[in-house]
Amino acid sequence: MTDVRTTDAGVQFLERLLERSERNPDRTRPASAAPEYDRLSTAQQMGRFHDQMAAAERFGAVEVQRGKRDRGHLIERVRVRDPELLARHLGRPTAPAIAQRVREELLQVAATGEPWVATLLDEMTARWARSEAAYRLTAGQADASKEFFTLLASISRHEAQGLDARTFSQKATNDTKAFDRHASRLAAVLGVRIGQPGAAADVVWAHIGLERFSHPVNLRGPVVVKGAGERLVDGRARPFASIHPEMISQLSVLERPKAVLTIENYASFNRQVREIEDGSLVVYTGGFPSAGVVELLSKVLTSVPDDVPFLHWGDVDAGGVRIFRYLEESLPRGPRPHLMSEELAKQSGHPADADPSLASIAKSDSEIRALAEWLAFGSDVRHMEQEALDPAPTSEFGREG
């Protein structure tokens, strides 16, 4: 085999040709390219380039097309004859061979997760076989890929639930910073997995129960946290109380609330607990609800009678609809919309584009499906931040504006 290990213009040229072949293995015409003579500044460099093309041609890897008449001393084009021979000539395995070897190494990790993790590995292997990166990982980054699949497999086994990122990372990989190294690609993969491609990272982390930091849950209403015979937190405190998720096991409902109301945005939550006195239990979700919020609401909703209304007030936009749907899917019973309607958005919102990504919610049995359908396919869509409205008593639940 001809030794072409020295990286120079000729080797780089042949590598690019092989890459073109591997990226489109089903192409009807062989990959080809014209030499860039302006990069060969000396006669020595040009001579070496010609020698390397001739060696590759003798090996059966490429076909060299020379110029005619007065350009007969120049190469006009080089075509790939046999990609596998070209790879051997360059002293490396083919991209499909590399991809398959890496897949065999990673499958041991991927197989410890749910089946979709191994399916993702197959998809990435197909891209590696075409010399492409997959989620910004190449076949040459086997160690990083193993770390990535270790995290994914652990997430698929629900091992991230209730943990902060550093603790989860340590438990899954024995490295507290591994999660941070892969956070963006994890969010991309999991966003597709939960049916929300391109979703914000916080939305994705909420779906898998991961919390960057464990935030207290802010609320106002007839609940209490007791410990060692004393009252540690009284939910009726003004303007509101904060309960750390670790205290939820000690939480109890003091009396039947008029309603349970969750609120997406902080300003609206503050106004509600300061301005409305109607005996409701008001809980701030902090945007997309954290694992602590979901755990607290689950406990409350199983503690109060089913006829206590459960309501949610959020923005009228794609994010607000997805938060509403997440509450429906995560809790013992779902909420009803409070101050969230097409009519109110038309009165107090601003023009926006339709968002077809809400189609799956529009076609579901969700309580928010009518609003989702308008936001997804309406001709006069408007978005409305909940701060555009004044807070209202929960007795107005179901109010259309």
# chains A, B, ... in the order shown; residues from 1 in each chain; ligands from 1
$ residues_around --residues "region 138-146 of chain A" --least-positions-apart "6" --cutoff "9 Å" --atoms "only C-alpha atoms" --output "compact mmCIF listing (two decimals) with N, CA and C atoms, in the first residue's frame"
# COMPACT_ATOMS: atom_id res chain seq x y z
N ALA A 95 -15.95 5.10 6.28
CA ALA A 95 -16.85 5.68 7.27
C ALA A 95 -17.89 4.67 7.76
N ILE A 98 -16.16 2.46 10.32
CA ILE A 98 -15.93 3.18 11.57
C ILE A 98 -17.23 3.32 12.34
N ALA A 99 -18.30 3.70 11.64
CA ALA A 99 -19.60 3.90 12.28
C ALA A 99 -20.09 2.60 12.93
N VAL A 102 -18.11 1.85 16.14
CA VAL A 102 -18.53 2.72 17.24
C VAL A 102 -19.91 2.29 17.75
N ARG A 103 -20.79 1.91 16.82
CA ARG A 103 -22.13 1.47 17.24
C ARG A 103 -22.05 0.26 18.16
N GLU A 105 -19.72 -0.53 20.16
CA GLU A 105 -19.24 -0.10 21.47
C GLU A 105 -20.35 0.58 22.27
N LEU A 106 -21.13 1.42 21.58
CA LEU A 106 -22.15 2.21 22.27
C LEU A 106 -23.43 1.42 22.55
N VAL A 109 -24.21 0.40 26.05
CA VAL A 109 -24.76 1.45 26.91
C VAL A 109 -26.21 1.74 26.55
N ALA A 110 -26.47 1.93 25.24
CA ALA A 110 -27.81 2.29 24.79
C ALA A 110 -28.83 1.22 25.17
N THR A 125 -25.77 6.35 13.84
CA THR A 125 -24.85 5.50 13.09
C THR A 125 -25.00 5.72 11.60
N ARG A 127 -25.84 8.39 10.09
CA ARG A 127 -25.21 9.67 9.73
C ARG A 127 -23.70 9.56 9.79
N TRP A 128 -23.19 8.84 10.78
CA TRP A 128 -21.74 8.65 10.86
C TRP A 128 -21.22 7.87 9.65
N ALA A 129 -22.03 6.94 9.16
CA ALA A 129 -21.63 6.14 7.99
C ALA A 129 -21.51 7.00 6.74
N SER A 131 -20.11 9.99 6.97
CA SER A 131 -19.09 10.97 7.39
C SER A 131 -19.71 12.26 7.91
N GLU A 132 -20.93 12.19 8.44
CA GLU A 132 -21.58 13.36 8.98
C GLU A 132 -21.54 13.33 10.51
N HIS A 182 -23.21 18.06 27.71
CA HIS A 182 -24.15 17.52 26.72
C HIS A 182 -25.54 18.15 26.80
$ residues_around --residues "region 376-378 of chain A" --least-positions-apart "5" --cutoff "9 Å" --atoms "only C-alpha atoms" --output "JSON, numbers by chain"
{"A": [318, 353, 354, 355, 356, 357, 358, 359, 362, 371]}
$ write_last_selection --atoms "C-alpha atoms" --output "JSON list (two decimals), in the first residue's frame"
[["chain", "number", "residue", "atom", "x", "y", "z"],
["A", 318, "ALA", "CA", -47.89, 28.37, 22.48],
["A", 353, "ASP", "CA", -48.55, 34.10, 13.57],
["A", 354, "ALA", "CA", -50.39, 30.79, 13.73],
["A", 355, "ASP", "CA", -48.30, 27.99, 15.24],
["A", 356, "PRO", "CA", -49.08, 24.59, 13.64],
["A", 357, "SER", "CA", -46.86, 22.85, 16.23],
["A", 358, "LEU", "CA", -49.89, 23.00, 18.56],
["A", 359, "ALA", "CA", -51.83, 20.68, 16.24],
["A", 362, "ALA", "CA", -55.73, 20.85, 19.21],
["A", 371, "LEU", "CA", -57.72, 27.58, 22.21]]
$ closest_atom_pairs --of "region 168-209 of chain A" --to "region 289-293 of chain A" --cutoff "12 Å" --atoms "only C-alpha atoms" --output "JSON lines"
{"residue": "A:Asp202", "atom": "CA", "partner": "A:Ser290", "partner_atom": "CA", "distance": 8.9}
{"residue": "A:Val203", "atom": "CA", "partner": "A:Pro289", "partner_atom": "CA", "distance": 8.5}
{"residue": "A:Val204", "atom": "CA", "partner": "A:Ser290", "partner_atom": "CA", "distance": 10.6}
{"residue": "A:Trp205", "atom": "CA", "partner": "A:Ser290", "partner_atom": "CA", "distance": 8.4}
{"residue": "A:Ala206", "atom": "CA", "partner": "A:Ser290", "partner_atom": "CA", "distance": 5.5}
{"residue": "A:His207", "atom": "CA", "partner": "A:Ala291", "partner_atom": "CA", "distance": 8.5}
{"residue": "A:Ile208", "atom": "CA", "partner": "A:Ala291", "partner_atom": "CA", "distance": 8.7}
{"residue": "A:Gly209", "atom": "CA", "partner": "A:Ala291", "partner_atom": "CA", "distance": 5.2}
$ write_last_selection --atoms "N, CA, C and O atoms" --output "mmCIF file, in the first residue's frame"
data_model
loop_
_atom_site.group_PDB
_atom_site.id
_atom_site.type_symbol
_atom_site.label_atom_id
_atom_site.label_comp_id
_atom_site.auth_asym_id
_atom_site.auth_seq_id
_atom_site.Cartn_x
_atom_site.Cartn_y
_atom_site.Cartn_z
ATOM 1 N N ASP A 202 -35.542 24.440 29.756
ATOM 2 C CA ASP A 202 -36.285 24.330 31.005
ATOM 3 C C ASP A 202 -37.558 23.502 30.846
ATOM 4 O O ASP A 202 -37.968 22.789 31.768
ATOM 5 N N VAL A 203 -38.178 23.609 29.666
ATOM 6 C CA VAL A 203 -39.379 22.819 29.388
ATOM 7 C C VAL A 203 -39.020 21.337 29.364
ATOM 8 O O VAL A 203 -39.721 20.493 29.932
ATOM 9 N N VAL A 204 -37.914 21.027 28.704
ATOM 10 C CA VAL A 204 -37.482 19.633 28.602
ATOM 11 C C VAL A 204 -37.114 19.076 29.969
ATOM 12 O O VAL A 204 -37.504 17.974 30.335
ATOM 13 N N TRP A 205 -36.347 19.856 30.741
ATOM 14 C CA TRP A 205 -35.940 19.367 32.070
ATOM 15 C C TRP A 205 -37.158 19.112 32.954
ATOM 16 O O TRP A 205 -37.173 18.157 33.735
ATOM 17 N N ALA A 206 -38.170 19.960 32.822
ATOM 18 C CA ALA A 206 -39.388 19.743 33.618
ATOM 19 C C ALA A 206 -40.052 18.420 33.243
ATOM 20 O O ALA A 206 -40.559 17.703 34.106
ATOM 21 N N HIS A 207 -40.046 18.085 31.958
ATOM 22 C CA HIS A 207 -40.665 16.837 31.508
ATOM 23 C C HIS A 207 -39.962 15.616 32.087
ATOM 24 O O HIS A 207 -40.609 14.604 32.356
ATOM 25 N N ILE A 208 -38.653 15.688 32.250
ATOM 26 C CA ILE A 208 -37.936 14.515 32.764
ATOM 27 C C ILE A 208 -37.757 14.583 34.276
ATOM 28 O O ILE A 208 -37.124 13.715 34.879
ATOM 29 N N GLY A 209 -38.308 15.644 34.894
ATOM 30 C CA GLY A 209 -38.256 15.760 36.343
ATOM 31 C C GLY A 209 -36.942 16.261 36.884
ATOM 32 O O GLY A 209 -36.676 16.182 38.082
#
$ atom_distance --atom1 "CA of Met384 (chain A)" --atom2 "CA of Ala345 (chain A)"
5.4 Å
$ closest_residue --among "A:Asp122, A:Asp390, A:Glu255, A:Glu22" --to "Glu84 (chain A)" --atoms "only C-alpha atoms"
A:Glu22
$ residues_around --residues "Pro309 (chain A)" --least-positions-apart "5" --cutoff "9 Å" --atoms "only C-alpha atoms" --output "list in words"
Lys258, Ala259, Val260, Leu261, Pro335, Arg336, Thr394 and Phe397 of chain A
$ select_by_dssp --residues "region 31-267 of chain A" --states "alpha helix (DSSP H)" --output "MDAnalysis selection string"
chainID A and resid 43:58 83:89 95:110 115:128 142:156 165:173 178:193 201:208 266:267
$ closest_residue --among "A:Asp306, A:Ala388, A:Asp180, A:Ala352" --to "Ala201 (chain A)" --atoms "only C-alpha atoms"
A:Asp180
$ closest_residue --among "A:Gln100, A:Asn270, A:Ser330, A:Thr94" --to "Phe288 (chain A)" --atoms "only C-alpha atoms"
A:Ser330
$ residues_around --residues "region 272-280 of chain A" --least-positions-apart "4" --cutoff "10 Å" --atoms "only C-alpha atoms" --output "PyMOL selection string"
chain A and resi 219-222+236+238-240+255-261+263+266-268+308-310+390-395
$ residues_around --residues "Arg16 (chain A)" --least-positions-apart "5" --cutoff "9 Å" --atoms "only C-alpha atoms" --output "list in words"
Val11, Ser21 and Ala33 of chain A
$ residues_around --residues "Val64 (chain A)" --least-positions-apart "2" --cutoff "8 Å" --atoms "only C-alpha atoms" --output "list in words"
Met53, Ala54, Glu57, Val62, Arg66, Ile75, Glu76, Arg77, Val78 and Arg79 of chain A
$ write_last_selection --atoms "N, CA, C and O atoms" --output "PDB file, in the first residue's frame"
ATOM      1  N   MET A  53      -1.790  11.663  -7.096  1.00  0.00           N
ATOM      2  CA  MET A  53      -2.957  11.279  -7.888  1.00  0.00           C
ATOM      3  C   MET A  53      -2.634  10.049  -8.734  1.00  0.00           C
ATOM      4  O   MET A  53      -3.460   9.132  -8.869  1.00  0.00           O
ATOM      5  N   ALA A  54      -1.416  10.005  -9.270  1.00  0.00           N
ATOM      6  CA  ALA A  54      -1.010   8.843 -10.073  1.00  0.00           C
ATOM      7  C   ALA A  54      -0.951   7.593  -9.217  1.00  0.00           C
ATOM      8  O   ALA A  54      -1.356   6.494  -9.645  1.00  0.00           O
ATOM      9  N   GLU A  57      -4.372   6.371  -8.571  1.00  0.00           N
ATOM     10  CA  GLU A  57      -4.940   5.774  -9.776  1.00  0.00           C
ATOM     11  C   GLU A  57      -4.385   4.371  -9.978  1.00  0.00           C
ATOM     12  O   GLU A  57      -5.134   3.441 -10.313  1.00  0.00           O
ATOM     13  N   VAL A  62      -8.934   5.837  -7.830  1.00  0.00           N
ATOM     14  CA  VAL A  62      -9.472   6.992  -8.552  1.00  0.00           C
ATOM     15  C   VAL A  62      -9.151   6.882 -10.034  1.00  0.00           C
ATOM     16  O   VAL A  62      -8.324   6.059 -10.454  1.00  0.00           O
ATOM     17  N   ARG A  66      -6.850  14.036 -17.562  1.00  0.00           N
ATOM     18  CA  ARG A  66      -5.907  15.118 -17.855  1.00  0.00           C
ATOM     19  C   ARG A  66      -6.449  16.038 -18.943  1.00  0.00           C
ATOM     20  O   ARG A  66      -7.370  15.684 -19.684  1.00  0.00           O
ATOM     21  N   ILE A  75      -3.955  18.179 -14.567  1.00  0.00           N
ATOM     22  CA  ILE A  75      -5.099  17.312 -14.267  1.00  0.00           C
ATOM     23  C   ILE A  75      -6.354  18.169 -14.262  1.00  0.00           C
ATOM     24  O   ILE A  75      -6.435  19.173 -13.553  1.00  0.00           O
ATOM     25  N   GLU A  76      -7.332  17.786 -15.069  1.00  0.00           N
ATOM     26  CA  GLU A  76      -8.585  18.541 -15.103  1.00  0.00           C
ATOM     27  C   GLU A  76      -9.563  18.065 -14.037  1.00  0.00           C
ATOM     28  O   GLU A  76     -10.267  18.867 -13.431  1.00  0.00           O
ATOM     29  N   ARG A  77      -9.592  16.728 -13.800  1.00  0.00           N
ATOM     30  CA  ARG A  77     -10.577  16.215 -12.848  1.00  0.00           C
ATOM     31  C   ARG A  77     -10.113  14.859 -12.326  1.00  0.00           C
ATOM     32  O   ARG A  77      -9.460  14.099 -13.035  1.00  0.00           O
ATOM     33  N   VAL A  78     -10.484  14.589 -11.077  1.00  0.00           N
ATOM     34  CA  VAL A  78     -10.208  13.289 -10.461  1.00  0.00           C
ATOM     35  C   VAL A  78     -11.536  12.706  -9.998  1.00  0.00           C
ATOM     36  O   VAL A  78     -12.295  13.371  -9.280  1.00  0.00           O
ATOM     37  N   ARG A  79     -11.815  11.469 -10.439  1.00  0.00           N
ATOM     38  CA  ARG A  79     -13.066  10.799 -10.061  1.00  0.00           C
ATOM     39  C   ARG A  79     -12.767   9.596  -9.186  1.00  0.00           C
ATOM     40  O   ARG A  79     -11.779   8.893  -9.380  1.00  0.00           O
TER      41      ARG A  79
END
